[in-house]
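Trainee: Structure incoming, see below.
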Amino acid sequence: MSRLDVETFFDALAESGTQTQEQIRQLDNRGEKALPPFGVERMAKLVGCTANHIRNMEKAGRVQAPESKEIVQQGRGGPKTVKRRAYDLRDVNHYRDALGTRPNDATGAVRVVFSNQKGGVGKSTTSVHFAQYCALTGYRVLLVDLDPQASTTSVFGYIPDLDIEDEHTLRRALMEDPDHISEVIRPTYWDGLDLVPSQLLLQNVDFGLAGGGRDDVLGPNWARLDSALARIERLYDVIVIDTPPSMGILNFNAVFAAHYLIVPMAPSMFDISSSINYCRVLAQLADSLRQMEAQMNLRRFNVLVTRNDGGPEHLRAAQVIRAIYREHVLVHQLMQTAEVQKSANDRKTVFEIDKPRGSKETYRRALDLITGVCEEILTNIRTLWLEDLSLTEQEPLRKGA
Ligand SMILES: Nc1ncnc2c1ncn2[C@@H]1O[C@H](COP(=O)(O)OP(=O)(O)O)[C@@H](O)[C@H]1O
Ligand SMILES: [Mg+2]
């Protein structure tokens with residue numbers, strides 16, 4: 001049996017992969033990604049008034065109404081073209097500002113970290129949906145992709161290998177200069193939602209900063225994200241951080257920076273054992289930090305049950321999760337649904353779908369599920385805002401709290 005020339009073999013595969021990605025992008029001629037437009041009823045609901053009020057404001061010239069667009073509607077007698085006002089999230093926020101209905105309860109940026117050493121449990125799915133939900137609600141949101149696999153980045157219309165360079169990720173902010181974070185924040189097509197993208201080279205942080213340690217200028221290796229975020233967080237109400245499925249320094253930085261740590265967990269016995277192990281790792285981390293006279297910022301911890309298919313095995317495992325993590329388990333679960341899977345195949349979220357992929361009911365159910373989870377997390381953040389006027393100076397979460 002002859003030996004494989006590993007370098008040539010995988011180099012050729014990677015090269016043909018890149019070419020195929022380029023071709024797919026050219027075929028996929030959808031142009032820039034955008035949110036499906038809102039009609040006046042949905043718009044009014046988001047703004048927090050009636051549709052009539054919106055129309056009156058427009059008539060009175062209190063706001064600049066967007067152009068009407070022709071849209072095709074499916075009626076009983078077949079499709080017909082009607083002219084409708086089509087609003088986007090920028091319009092919604094503009095009207096909110098005119099009416100004073102933008103939420104104003106944020107007392108500081110809450111850093112929400114979705115983390116678990118396991119992959120495939122819904123960290124990225126929940127991070128992106130939650131960040132978009134907060135933006136829909138009218139908050140100023142920063143979504144940080146700390147996973148070199150960059151699935152969160154790709155939801156925003158990028159092919160990380162082709163569109164994102166090393167210079168565009170957090171690598172430099174974490175390894176060289178915390179102020180570099182300002183250079184890598186980019187707006188998205190969601191008004192009020194900014195993104196720090198990722199790509200494969202971000203994994204060099206895990207190699208480059210491994211083994212702990214402290215740099216006289218940049219500070220300890222585990223607190224680099226904390227210092228970078230401190231530079232820009234006055235610009236945001238919520239900072240959502242998606243993490244890699246490993247326990248390297250990238251993940252430790254996220255956990256150290258977190259005010260609110262959410263561990264998405266699939267209801268399987270394997271995942272439960274791995275989560276118990278994860279708790280031990282977190283306890284050890286806090287212990288070593290204490291010995292170095294450093295303290296974590298954590299105020300709140302929750303487990304989110306994800307990918308529950310409602311079958312007897314999952315239901316039993318979900319009960320075990322509740323028995324272990326008790327009141328720390330969120331009431332809402334991100335049940336397994338075909339709609340999430342199908343929209344992910346198109347690199348979209350459930351909030352971005354203009355037409356349901358399956359039946360209307362399945363779509364509605366997926367939307368309700370996601371909204372329930374996001375609402376519960378946002379309610380918990382509101383409690384943190386009420387408790388805290390300055391999140392970083394408060395007493396951190398204590399044993400038995
Ligand atoms: N509730 C759900 N229903 C159906 N599919 C899901 C659900 N949550 C996640 N997925 C799918 O599972 C896969 C892994 O999810 P992802 O969020 O990328 O996990 P992680 O970030 O933890 O690795 C993705 O293909 C995603 O679309
Ligand atoms: Mg992920």
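Chain labels follow the order of the structure tokens: the first chain is A, the next B, and so on; residue numbering restarts at 1 in every chain, and ligands are counted from 1 in their shown order.
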So which residues are near ligand 2, meaning at most 9 Å away with only C-alpha atoms and all ligand atoms counted, given back as a PyMOL selection string?
Mentor: chain A and resi 119-125+127+145+147+149-152+242-245
Trainee: Write a file of the just-selected residues containing C-alpha atoms, as a compact mmCIF listing (two decimals), in the first residue's frame.
Mentor:
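result.txt, freshly written:
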# COMPACT_ATOMS: atom_id res chain seq x y z
CA GLY A 119 -20.33 21.26 19.19
CA GLY A 120 -23.70 20.88 17.49
CA VAL A 121 -25.75 21.87 20.56
CA GLY A 122 -27.14 25.10 19.10
CA LYS A 123 -24.69 27.74 20.38
CA SER A 124 -24.47 29.54 17.05
CA THR A 125 -28.16 29.10 16.26
CA SER A 127 -26.51 33.39 19.46
CA ASP A 145 -18.08 35.50 16.54
CA ASP A 147 -15.53 30.51 16.72
CA GLN A 149 -15.49 27.76 12.25
CA ALA A 150 -17.44 31.00 11.77
CA SER A 151 -20.96 29.66 11.21
CA THR A 152 -22.39 32.81 12.85
CA ASP A 242 -20.67 32.87 20.21
CA THR A 243 -17.83 30.56 21.20
CA PRO A 244 -15.92 27.58 19.77
CA PRO A 245 -16.75 24.05 20.93
Trainee: Would you give me, as number ranges by chain, the residues in region 207-376 of chain A that DSSP reads as alpha helix (DSSP H)?
Mentor: A: 207-208, 224-232, 249-257, 269-291, 312-325, 338-345, 360-376
Trainee: Which residue out of A:Glu22, A:Asp354, A:Asp346, A:Asp237 has the minimum interatomic distance to ligand 1 when only C-alpha atoms and all ligand atoms are used?
Mentor: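 Going through A:Glu22, A:Asp354, A:Asp346, A:Asp237 one by one, the smallest distance to ligand 1 is for A:Asp346.
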Trainee: So which residues touch region 246-262 of chain A within 6 Å, counting only C-alpha atoms, skipping near sequence neighbours fewer than 2 positions away, as a list in words?
Mentor: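 Non-adjacent residues within range: Arg111, Val112, Val113, Phe114, Gln117, Asp206, Trp222, Ala223, Leu225, Asp226, Thr243, Pro244, Met296, Asn297, Leu298, Arg299, Arg300, Phe301, Asn302 and Val303 of chain A.
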Trainee: Extract, using only C-alpha atoms, all DNA, RNA and protein residues at most 8 Å from region 134-142 of chain A, discarding same-chain residues fewer than 3 positions from it, and format them as a list in words.
Mentor: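 Within the cut-off, the hits are Leu46, Leu89, Asn93, Arg102, Pro103, Phe130, Ala131, Trp190, Asp191, Gly192, Leu193, Asp194, Leu195, Val196, Leu235, Tyr236, Asp237, Val238, Ile239, Val240 and Leu378 of chain A.
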Trainee: Under the rule that only C-alpha atoms and all ligand atoms are counted, which of A:Ala266, A:Cys374, A:Cys49, A:Val320 is the nearest residue to ligand 1?
Mentor: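 Among the listed residues, A:Ala266 lies closest to ligand 1.
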Trainee: Under the rule that only C-alpha atoms and all ligand atoms are counted, which of A:Ala65, A:Met57, A:Ala323, A:Leu146 is the nearest residue to ligand 1?
Mentor: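 Selected residue with least distance to ligand 1: A:Leu146.
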Trainee: Identify, with DSSP run on backbone atoms, the residues in region 295-373 of chain A assigned to strand (DSSP E), and express the list as JSON, numbers by chain.
Mentor: {"A": [300, 301, 302, 303, 304, 305, 306, 307, 308, 334, 335]}
Trainee: Those residues with C-alpha atoms, as a PDB file, in the first residue's frame please?
Mentor:
ATOM      1  CA  ARG A 300     -26.055  34.915  35.998  1.00  0.00           C
ATOM      2  CA  PHE A 301     -25.874  31.355  34.683  1.00  0.00           C
ATOM      3  CA  ASN A 302     -28.522  29.401  32.783  1.00  0.00           C
ATOM      4  CA  VAL A 303     -28.789  26.122  30.928  1.00  0.00           C
ATOM      5  CA  LEU A 304     -30.837  26.123  27.730  1.00  0.00           C
ATOM      6  CA  VAL A 305     -32.192  22.767  26.608  1.00  0.00           C
ATOM      7  CA  THR A 306     -31.824  22.580  22.832  1.00  0.00           C
ATOM      8  CA  ARG A 307     -32.686  20.169  20.045  1.00  0.00           C
ATOM      9  CA  ASN A 308     -35.272  18.301  22.118  1.00  0.00           C
ATOM     10  CA  LEU A 334     -35.212  25.330  21.757  1.00  0.00           C
ATOM     11  CA  MET A 335     -37.064  22.245  20.520  1.00  0.00           C
TER      12      MET A 335
END
Trainee: What is the CA of Gly310 (chain A) to CA of His129 (chain A) distance in Å?
Mentor: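 So the two atoms, CA of Gly310 (chain A) and CA of His129 (chain A), lie 21.5 Å apart.
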Trainee: If I take CA of Val350 (chain A) and CA of Ala317 (chain A), how far is one from the other in Å, to one decimal?
Mentor: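 These two atoms are separated by 26.2 Å.
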Trainee: By how many Å are CA of Gln23 (chain A) and CA of Gly157 (chain A) apart?
Mentor: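 Pair CA of Gln23 (chain A) / CA of Gly157 (chain A) returns 15.2 Å.
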Trainee: Write out as an MDAnalysis selection string which residues come within 10 Å of Trp385 (chain A) when counting only C-alpha atoms, dropping same-chain ones fewer than 2 positions away.
Mentor: chainID A and resid 105:110 237 379:383 387:391
Trainee: Since we have the selection now, will you write its residues out, keeping C-alpha atoms, as an mmCIF file, in the first residue's frame?
Mentor:
data_model
loop_
_atom_site.group_PDB
_atom_site.id
_atom_site.type_symbol
_atom_site.label_atom_id
_atom_site.label_comp_id
_atom_site.auth_asym_id
_atom_site.auth_seq_id
_atom_site.Cartn_x
_atom_site.Cartn_y
_atom_site.Cartn_z
ATOM 1 C CA ASP A 105 -34.159 50.376 30.082
ATOM 2 C CA ALA A 106 -30.548 49.387 29.341
ATOM 3 C CA THR A 107 -28.213 50.633 32.049
ATOM 4 C CA GLY A 108 -25.040 49.221 30.504
ATOM 5 C CA ALA A 109 -23.923 46.601 28.003
ATOM 6 C CA VAL A 110 -24.723 43.088 29.203
ATOM 7 C CA ASP A 237 -26.972 47.502 25.148
ATOM 8 C CA THR A 379 -36.284 39.317 30.578
ATOM 9 C CA ASN A 380 -33.320 38.009 32.579
ATOM 10 C CA ILE A 381 -31.120 40.705 31.083
ATOM 11 C CA ARG A 382 -33.698 43.318 32.053
ATOM 12 C CA THR A 383 -33.405 42.083 35.638
ATOM 13 C CA GLU A 387 -30.056 45.454 39.560
ATOM 14 C CA ASP A 388 -26.983 46.997 38.055
ATOM 15 C CA LEU A 389 -26.192 50.504 37.135
ATOM 16 C CA SER A 390 -22.640 49.669 36.305
ATOM 17 C CA LEU A 391 -22.274 46.011 35.442
#
Trainee: Counting only C-alpha atoms and all ligand atoms, which residue out of A:Leu162, A:Val128, A:Leu143, A:Leu209 sits closest to ligand 1?
Mentor: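 Residue with the minimum atom-to-atom distance to ligand 1: A:Val128.
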Trainee: Which polymer residues have any atom within 8 Å of an atom of Gln199 (chain A), counting only C-alpha atoms, with same-chain residues fewer than 6 positions away left out, as a ChimeraX atom specification?
Mentor: /A:147-150,160-161,164-166,169
Trainee: Using only C-alpha atoms and all ligand atoms, pick whichever of A:Ala286, A:Leu200, A:Ala338, A:Val205 has the shortest atom-to-atom distance to ligand 1.
Mentor: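 Answer, going by the shortest atom-to-atom distance: A:Ala338.
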Trainee: Leaving out Ala44 (chain A) and any residue of its chain fewer than 4 positions from it, which residues lie within 10 Å of it when counting only C-alpha atoms, given as a PyMOL selection string?
Mentor: chain A and resi 38-40+48-55+92+95-96
Trainee: Give me a file of those residues, with C-alpha atoms, as an mmCIF file, in the first residue's frame.
Mentor:
data_model
loop_
_atom_site.group_PDB
_atom_site.id
_atom_site.type_symbol
_atom_site.label_atom_id
_atom_site.label_comp_id
_atom_site.auth_asym_id
_atom_site.auth_seq_id
_atom_site.Cartn_x
_atom_site.Cartn_y
_atom_site.Cartn_z
ATOM 1 C CA PHE A 38 -42.539 44.419 6.991
ATOM 2 C CA GLY A 39 -46.114 45.392 6.127
ATOM 3 C CA VAL A 40 -47.754 48.252 8.026
ATOM 4 C CA GLY A 48 -45.587 49.888 19.568
ATOM 5 C CA CYS A 49 -48.617 51.711 18.133
ATOM 6 C CA THR A 50 -51.540 51.051 15.788
ATOM 7 C CA ALA A 51 -51.323 50.896 11.999
ATOM 8 C CA ASN A 52 -53.688 53.886 11.877
ATOM 9 C CA HIS A 53 -51.332 55.890 13.995
ATOM 10 C CA ILE A 54 -48.532 55.118 11.545
ATOM 11 C CA ARG A 55 -50.676 56.217 8.599
ATOM 12 C CA VAL A 92 -39.045 50.811 12.404
ATOM 13 C CA TYR A 95 -40.549 55.658 13.749
ATOM 14 C CA ARG A 96 -39.709 54.440 17.252
#
Trainee: Of the candidates A:Asn104, A:Ser182, A:Ser154, A:Thr188, which one gets nearest to ligand 1 if we count only C-alpha atoms and all ligand atoms?
Mentor: A:Ser154
